[in-house]
Structure formats: structure tokens, C-alpha cells
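Structure below is target_25.csv: CSV, C-alpha atoms and all ligand atoms.
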chain,number,residue,atom,x,y,z
A,1,MET,CA,0.0,0.0,0.0
A,2,GLY,CA,1.4,3.4,-1.0
A,3,ARG,CA,1.7,6.4,1.2
A,4,LEU,CA,-0.6,9.4,0.7
A,5,ILE,CA,1.3,12.7,0.9
A,6,VAL,CA,-0.5,16.0,0.7
A,7,ILE,CA,1.1,19.4,-0.1
A,8,GLU,CA,-0.9,22.4,1.3
A,9,GLY,CA,-0.2,26.1,1.3
A,10,LEU,CA,-1.4,29.5,0.0
A,11,ASP,CA,-2.0,30.3,-3.6
A,12,GLY,CA,1.4,31.0,-5.1
A,13,ALA,CA,3.3,29.4,-2.2
A,14,GLY,CA,5.1,27.2,-4.7
A,15,LYS,CA,3.2,23.9,-4.1
A,16,ARG,CA,3.4,22.8,-7.8
A,17,THR,CA,7.1,23.6,-7.9
A,18,LEU,CA,7.7,21.7,-4.6
A,19,ALA,CA,5.8,18.7,-6.0
A,20,ASP,CA,8.0,18.8,-9.1
A,21,GLY,CA,11.1,18.7,-7.0
A,22,LEU,CA,9.8,16.0,-4.6
A,23,VAL,CA,8.6,13.8,-7.5
A,24,ALA,CA,12.1,14.1,-9.2
A,25,GLU,CA,13.8,13.1,-5.9
A,26,LEU,CA,11.5,10.2,-5.2
A,27,ASP,CA,11.9,9.0,-8.8
A,28,ARG,CA,15.7,9.2,-8.4
A,29,ARG,CA,15.5,7.0,-5.4
A,30,GLY,CA,13.4,4.4,-7.4
A,31,HIS,CA,10.0,5.0,-5.8
A,32,SER,CA,7.0,5.0,-8.1
A,33,VAL,CA,4.8,8.1,-7.7
A,34,ALA,CA,1.3,9.0,-8.8
A,35,ARG,CA,0.5,12.7,-8.7
A,36,ALA,CA,-2.8,14.6,-8.6
A,37,ALA,CA,-4.0,18.1,-7.9
A,38,PHE,CA,-7.4,19.3,-6.5
A,39,PRO,CA,-9.5,20.9,-7.8
A,40,ARG,CA,-9.5,18.5,-10.8
A,41,TYR,CA,-10.3,21.3,-13.4
A,42,GLY,CA,-11.3,19.9,-16.8
A,43,ALA,CA,-11.8,16.4,-15.3
A,44,ASP,CA,-14.7,16.8,-12.8
A,45,VAL,CA,-17.8,18.9,-13.3
A,46,HIS,CA,-17.8,20.1,-9.7
A,47,ALA,CA,-14.3,21.5,-10.1
A,48,ASP,CA,-15.3,23.2,-13.3
A,49,LEU,CA,-18.3,24.8,-11.5
A,50,VAL,CA,-16.0,26.1,-8.8
A,51,ALA,CA,-13.7,27.7,-11.4
A,52,GLU,CA,-16.6,29.3,-13.2
A,53,ALA,CA,-18.1,30.6,-9.9
A,54,LEU,CA,-14.7,32.1,-8.8
A,55,ARG,CA,-14.8,34.1,-12.1
A,56,GLY,CA,-18.3,35.4,-11.5
A,57,ALA,CA,-20.6,32.8,-13.1
A,58,HIS,CA,-23.5,31.0,-11.4
A,59,GLY,CA,-25.1,34.0,-9.6
A,60,ASP,CA,-24.2,34.2,-5.9
A,61,LEU,CA,-22.7,30.7,-5.7
A,62,ALA,CA,-19.2,32.0,-4.9
A,63,ASP,CA,-20.6,34.0,-2.0
A,64,SER,CA,-21.6,30.8,-0.2
A,65,VAL,CA,-18.8,29.4,1.8
A,66,TYR,CA,-20.5,26.1,2.4
A,67,GLY,CA,-21.9,25.8,-1.1
A,68,MET,CA,-18.4,26.2,-2.6
A,69,ALA,CA,-16.9,23.8,-0.1
A,70,VAL,CA,-19.5,21.1,-1.0
A,71,LEU,CA,-18.4,21.4,-4.6
A,72,TYR,CA,-14.7,21.1,-3.8
A,73,ALA,CA,-15.7,18.1,-1.6
A,74,LEU,CA,-17.8,16.4,-4.3
A,75,ASP,CA,-14.8,16.7,-6.7
A,76,ARG,CA,-12.8,14.7,-4.2
A,77,HIS,CA,-15.7,12.3,-3.5
A,78,GLY,CA,-15.5,11.4,-7.3
A,79,ALA,CA,-11.8,10.6,-7.0
A,80,VAL,CA,-12.0,8.2,-4.1
A,81,GLU,CA,-11.8,5.0,-6.2
A,82,ALA,CA,-9.0,6.4,-8.3
A,83,LEU,CA,-7.1,7.4,-5.1
A,84,HIS,CA,-7.4,3.8,-3.7
A,85,THR,CA,-6.3,2.3,-7.1
A,86,ASP,CA,-3.2,4.7,-7.1
A,87,LEU,CA,-2.4,3.8,-3.5
A,88,ARG,CA,-2.4,0.1,-4.4
A,89,GLN,CA,-0.2,0.6,-7.5
A,90,HIS,CA,2.4,3.2,-6.3
A,91,ASP,CA,4.8,3.8,-3.5
A,92,VAL,CA,3.6,7.3,-3.1
A,93,VAL,CA,0.5,9.2,-4.1
A,94,LEU,CA,1.3,12.9,-4.0
A,95,LEU,CA,-1.6,15.4,-3.9
A,96,ASP,CA,-1.4,19.2,-4.5
A,97,ARG,CA,-4.2,20.3,-2.1
A,98,TYR,CA,-6.8,18.0,-0.5
A,99,VAL,CA,-9.3,18.3,2.4
A,100,ALA,CA,-7.2,20.7,4.4
A,101,SER,CA,-7.6,23.3,1.7
A,102,ASN,CA,-11.4,23.2,2.2
A,103,ALA,CA,-10.8,23.4,6.0
A,104,ALA,CA,-8.4,26.3,5.8
A,105,TYR,CA,-10.0,28.4,3.1
A,106,GLY,CA,-13.6,28.0,4.5
A,107,ALA,CA,-12.6,28.8,8.0
A,108,ALA,CA,-10.6,31.8,6.8
A,109,ARG,CA,-13.5,33.1,4.7
A,110,LEU,CA,-15.7,32.9,7.8
A,111,HIS,CA,-13.1,34.5,10.1
A,112,GLN,CA,-12.9,31.3,12.2
A,113,SER,CA,-10.0,29.4,13.7
A,114,ALA,CA,-9.2,25.7,13.1
A,115,GLU,CA,-11.2,25.1,16.3
A,116,GLY,CA,-14.3,26.6,14.9
A,117,ASP,CA,-17.5,25.1,13.4
A,118,PHE,CA,-16.4,25.2,9.8
A,119,VAL,CA,-13.4,22.8,10.2
A,120,ALA,CA,-15.6,20.5,12.3
A,121,TRP,CA,-18.2,20.5,9.5
A,122,ALA,CA,-15.7,19.9,6.7
A,123,SER,CA,-14.1,17.0,8.7
A,124,GLU,CA,-17.5,15.5,9.2
A,125,LEU,CA,-18.4,15.8,5.5
A,126,GLU,CA,-15.2,14.6,3.9
A,127,ILE,CA,-13.5,12.4,6.5
A,128,GLU,CA,-16.5,10.8,8.1
A,129,ARG,CA,-19.2,10.8,5.4
A,130,PHE,CA,-17.2,10.7,2.2
A,131,ALA,CA,-14.6,8.4,3.8
A,132,LEU,CA,-11.7,9.9,1.9
A,133,PRO,CA,-8.4,8.1,2.4
A,134,ARG,CA,-6.4,9.5,5.3
A,135,PRO,CA,-3.0,11.1,4.4
A,136,ASP,CA,0.1,9.7,5.9
A,137,LEU,CA,1.6,13.1,5.9
A,138,HIS,CA,0.7,16.7,5.2
A,139,ILE,CA,3.5,19.0,4.1
A,140,LEU,CA,2.6,22.7,4.8
A,141,LEU,CA,4.6,24.9,2.4
A,142,GLN,CA,4.8,28.0,4.6
A,143,VAL,CA,5.8,31.4,3.0
A,144,PRO,CA,5.1,34.9,4.0
A,145,THR,CA,1.7,36.0,2.5
A,146,ALA,CA,3.4,38.8,0.5
A,147,LEU,CA,5.9,36.4,-1.1
A,148,ALA,CA,3.1,34.0,-2.1
A,149,GLU,CA,1.2,36.9,-3.5
A,150,SER,CA,4.2,38.1,-5.6
A,151,ARG,CA,4.9,34.6,-6.8
A,152,ALA,CA,1.2,34.3,-7.9
A,153,GLU,CA,1.4,37.6,-9.7
A,154,GLN,CA,4.6,36.6,-11.4
A,155,ARG,CA,3.0,33.3,-12.5
A,156,GLU,CA,0.0,35.2,-13.8
A,157,ARG,CA,2.3,37.4,-16.0
A,158,SER,CA,4.0,34.4,-17.5
A,159,ASP,CA,1.0,32.1,-17.8
A,160,THR,CA,-2.2,33.7,-18.8
A,161,GLU,CA,-4.0,30.4,-18.3
A,162,ARG,CA,-3.5,30.9,-14.6
A,163,ARG,CA,-5.1,34.2,-14.0
A,164,ARG,CA,-5.7,34.8,-10.3
A,165,ASP,CA,-9.2,34.3,-9.1
A,166,ARG,CA,-11.1,36.2,-6.4
A,167,PHE,CA,-9.6,34.2,-3.5
A,168,GLU,CA,-6.1,34.6,-4.8
A,169,THR,CA,-6.3,38.4,-5.0
A,170,ASP,CA,-7.7,38.8,-1.5
A,171,SER,CA,-4.6,39.4,0.7
A,172,SER,CA,-6.4,39.5,4.0
A,173,LEU,CA,-8.1,36.2,3.2
A,174,GLN,CA,-4.7,34.7,2.4
A,175,GLN,CA,-3.3,36.0,5.7
A,176,ARG,CA,-6.2,34.4,7.7
A,177,CYS,CA,-5.8,31.2,5.7
A,178,ALA,CA,-2.1,31.1,6.6
A,179,GLU,CA,-3.1,31.3,10.3
A,180,VAL,CA,-5.6,28.4,10.0
A,181,TYR,CA,-3.1,26.3,8.2
A,182,THR,CA,-0.6,26.9,11.0
A,183,GLU,CA,-3.2,25.9,13.5
A,184,LEU,CA,-4.1,22.7,11.6
A,185,ALA,CA,-0.4,21.8,11.4
A,186,GLU,CA,0.2,22.5,15.1
A,187,SER,CA,-2.8,20.4,16.2
A,188,GLY,CA,-1.7,17.5,13.8
A,189,TRP,CA,-5.1,17.6,12.2
A,190,TRP,CA,-5.9,14.2,10.5
A,191,SER,CA,-2.2,13.2,10.1
A,192,PRO,CA,1.2,14.3,11.1
A,193,TRP,CA,2.3,17.6,9.5
A,194,ARG,CA,5.7,18.7,8.3
A,195,VAL,CA,6.2,22.4,7.9
A,196,VAL,CA,8.6,23.4,5.1
A,197,ASP,CA,9.9,27.0,4.8
A,198,GLY,CA,9.2,27.9,1.2
A,199,ALA,CA,11.3,31.0,1.4
A,200,GLU,CA,14.4,28.9,2.1
A,201,HIS,CA,16.2,26.2,0.1
A,202,VAL,CA,14.2,23.0,0.4
A,203,ASP,CA,16.1,19.8,1.4
A,204,PHE,CA,14.4,17.4,-1.1
A,205,ALA,CA,16.5,14.4,0.1
A,206,GLU,CA,15.2,14.8,3.6
A,207,LEU,CA,11.6,15.5,2.5
A,208,ALA,CA,11.7,12.4,0.3
A,209,ALA,CA,12.9,10.3,3.2
A,210,VAL,CA,10.1,11.6,5.4
A,211,SER,CA,7.6,11.1,2.6
A,212,VAL,CA,8.3,7.4,2.2
A,213,GLY,CA,8.5,6.9,6.0
A,214,GLU,CA,12.2,6.3,6.2
A,215,VAL,CA,12.3,9.1,8.7
A,216,THR,CA,9.4,9.1,11.2
A,217,TYR,CA,10.2,11.9,13.5
A,218,TRP,CA,8.8,15.4,13.0
A,301,LIG,N1,11.2,28.3,-4.3
A,301,LIG,C1,10.9,29.2,-5.2
A,301,LIG,N2,11.6,30.3,-5.5
A,301,LIG,C2,11.3,31.2,-6.4
A,301,LIG,N3,10.2,31.1,-7.1
A,301,LIG,C3,9.3,30.1,-6.9
A,301,LIG,C4,9.6,29.1,-6.0
A,301,LIG,N4,8.6,28.2,-5.9
A,301,LIG,C5,7.7,28.6,-6.9
A,301,LIG,N5,8.2,29.7,-7.5
A,301,LIG,C6,7.5,30.5,-8.6
A,301,LIG,O1,6.3,31.0,-8.0
A,301,LIG,C7,5.2,30.9,-8.8
A,301,LIG,C8,4.1,30.1,-8.1
A,301,LIG,O2,4.6,28.8,-7.9
A,301,LIG,P1,3.6,27.5,-8.0
A,301,LIG,O3,4.4,26.3,-7.7
A,301,LIG,O4,2.8,27.5,-9.3
A,301,LIG,O5,2.6,27.8,-6.8
A,301,LIG,P2,1.3,27.1,-6.3
A,301,LIG,O6,1.2,25.8,-6.9
A,301,LIG,O7,1.5,27.0,-4.8
A,301,LIG,O8,0.2,28.1,-6.6
A,301,LIG,C9,5.7,30.2,-10.1
A,301,LIG,O9,6.0,31.2,-11.1
A,301,LIG,C10,7.0,29.5,-9.7
A,301,LIG,O10,7.9,29.4,-10.7
A,302,LIG,C1,-9.0,22.1,-3.4
A,302,LIG,C2,-9.6,23.3,-2.7
A,302,LIG,C3,-9.2,24.5,-3.1
A,302,LIG,N1,-9.7,25.6,-2.5
A,302,LIG,C4,-9.4,27.0,-3.0
A,302,LIG,C5,-7.9,27.3,-2.9
A,302,LIG,C6,-7.7,28.2,-4.0
A,302,LIG,O1,-7.8,29.6,-3.6
A,302,LIG,C7,-8.8,27.9,-5.0
A,302,LIG,C8,-8.3,27.3,-6.3
A,302,LIG,O2,-7.4,26.2,-6.1
A,302,LIG,P1,-5.9,26.2,-6.7
A,302,LIG,O3,-5.2,24.9,-6.4
A,302,LIG,O4,-5.2,27.4,-6.3
A,302,LIG,O5,-6.2,26.3,-8.3
A,302,LIG,P2,-5.4,27.2,-9.4
A,302,LIG,O6,-4.3,28.0,-8.7
A,302,LIG,O7,-4.9,26.2,-10.3
A,302,LIG,O8,-6.5,28.0,-9.9
A,302,LIG,O9,-9.7,27.0,-4.4
A,302,LIG,C9,-10.7,25.5,-1.5
A,302,LIG,O10,-11.2,26.5,-1.0
A,302,LIG,N2,-11.1,24.2,-1.1
A,302,LIG,C10,-10.6,23.1,-1.7
A,302,LIG,O11,-10.9,22.0,-1.3
Could I get this structure in the form of C-alpha cells?
Amino acid sequence: MGRLIVIEGLDGAGKRTLADGLVAELDRRGHSVARAAFPRYGADVHADLVAEALRGAHGDLADSVYGMAVLYALDRHGAVEALHTDLRQHDVVLLDRYVASNAAYGAARLHQSAEGDFVAWASELEIERFALPRPDLHILLQVPTALAESRAEQRERSDTERRRDRFETDSSLQQRCAEVYTELAESGWWSPWRVVDGAEHVDFAELAAVSVGEVTYW
């Protein structure tokens, strides 16, 4: 059975770039890796509805924190079988965003902490009811909000396909989100968490060893 590793962090933190580096290191060490990212834009209708709503479609849908969170969750619900298959066939299944994104962004939008009603509701929906597979490890890619914002801006300039949406351009939301992520990591929500400083050089060898369970201390 493979290990489920989840990368979390703010928009523009560098999650995709970190995933590229970690996959290369795991590959170099001979581990087979399956990789996925949520939302599954273009592959799941719920994810597409989310993207459209974030760009102003579907009336007041994007204003509903719970409504949007249900769509993100249904995207993952539709991926449960594929995740189990990948876990059977690979040493590592590496996800760019998972349930903790819903927990962090929803709580932040509602000005709640990780102890609040929203995180409890999201856990009940996705962990209990949808029975999504539990991660072996969350990696929180922590960067100052201003750095994440400038990286997201830089990416927007070089890749017009990735124009920033209304969450991504809301600095105070991103700041609150960073706080909820830190709380989730500190409380060990749903799995152990490894916090990686994305403003510094990342030690991929060490991160790969932690990811495959060779190193089990935090
Ligand atoms: N460690 C880093 N140092 C400098 N730039 C980075 C670093 N990581 C990512 N970037 C750049 O920042 C932008 C956002 O990175 P990306 O991995 O797409 O973030 P995310 O997936 O978290 O939204 C990209 O233009 C990327 O090249
Ligand atoms: C996966 C997920 C994302 N989000 C938020 C985080 C991001 O602000 C936004 C879009 O996800 P993101 O991964 O940033 O997509 P992209 O950068 O490719 O457009 O959705 C949630 O609120 N809940 C979730 O479950």
C-alpha cells in the first residue's frame, strides 16, 4: 500500500514547484509516484463549476462558503476510487491540495480558527461521510503572504491560463488562511504535518525520506 502525501499552502506558495522537486527526488530513489491536484479542473464537473463561480458565473454561488466547499468536496468524492487504485499501485501518491484546503479556506473566509464550526463541519463531511483516504503526511509549504502573492502575480504574468481568481487576489483572506493552516499543522489535524519553509532552500532528500516513511520523527 502506497503512502498518501499532501502538499498544502497558500495560492502562489510554490506547491506545484515543490511537488515537481519531490517527484524528481522520489523518482531518483526508485520510488513510483502517482500525482494529482485538486480541484480537478477539466476532469470533474464540480471542479469546473468552482472555477466558473470564482470568475463570476452562477449568480451568488461563490458567496456561499458552504456551497463552494460542498463542490470542492464532491470533486474529491468522485476521486475516491482512483485514489485507492493509485495507492495500491504506487509507493507514493502525491496530492497538491486536499481536504485541508477546504478546511483552511472555508474557516478563513468565515473568520474562524481551526477550532471553529467550519473545520468540524468539513471534517464530518469529507472524512466521516465521504470516507476519503487519510493522508500519511501533510506538508505545509509556509511562505510569508506577501511572497506567495508576488509569486502568484509573477506566474499570472508568465502564464495567462492561470489568471488569479477572487480568493487569490484577497490578501487579507490569504493571511487568515495562513493562520488556519498553521493551527491545523500544530494540532496534527488528521495526520502528522511537516512544515517546510518555502522562502528557504528545500532539502528534497530529507523531504523524500520523510515522505516514504524512512524518517518518522517530525
Ligand atoms: N522556491 C521558489 N523560489 C522562487 N520562485 C518560486 C519558488 N517556488 C515557486 N516559485 C514560482 O512562484 C510561482 C508560483 O509557484 P507554483 O508552484 O505555481 O505555486 P502554487 O502551486 O502554490 O500556486 C511560479 O511562477 C513559480 O515558478
Ligand atoms: C482544493 C480546494 C481549493 N480551494 C481553494 C484554494 C484556491 O484559492 C482555489 C483554487 O485552487 P488552486 O489549487 O489554487 O487552483 P489554481 O491555482 O490552479 O486556480 O480554491 C478550496 O477552498 N477548497 C478546496 O478543497
Distance criterion (only C-alpha atoms and all ligand atoms): nearest to ligand LIG 301 (chain A) out of A:Phe130, A:Trp121, A:Trp190, A:Phe167: A:Phe167
Neighbourhood of ligand LIG 301 (chain A) at 9 Å, counting all atoms listed in the file, reported as a VMD selection string: chain A and resid 7 to 20 96 141 147 to 159 162 198 to 202
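Nearest residue to Leu22 (chain A) among A:Gln175, A:Glu214, A:Ala100, A:Ala205 is A:Ala205, counting only C-alpha atoms.
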Within 6 Å of ligand LIG 302 (chain A), counting all atoms listed in the file, residues as a PyMOL selection string: chain A and resi 11+38-39+69+72+97-99+101-102+105+167-168
Gap from CA of Ser211 (chain A) to CA of Ala103 (chain A) - Å, one decimal: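 Between these atoms lies a distance of 22.4 Å.
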Selection near region 77-83 of chain A, 9 Å with only C-alpha atoms, sequence-local residues under 4 positions removed, as a PyMOL selection string: chain A and resi 4+44+72-73+87-88+93+126+130-133
Two-atom distance - CA of Gly2 (chain A), CA of Arg134 (chain A) (Å):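 Computed distance, CA of Gly2 (chain A) to CA of Arg134 (chain A), equals 11.7 Å.
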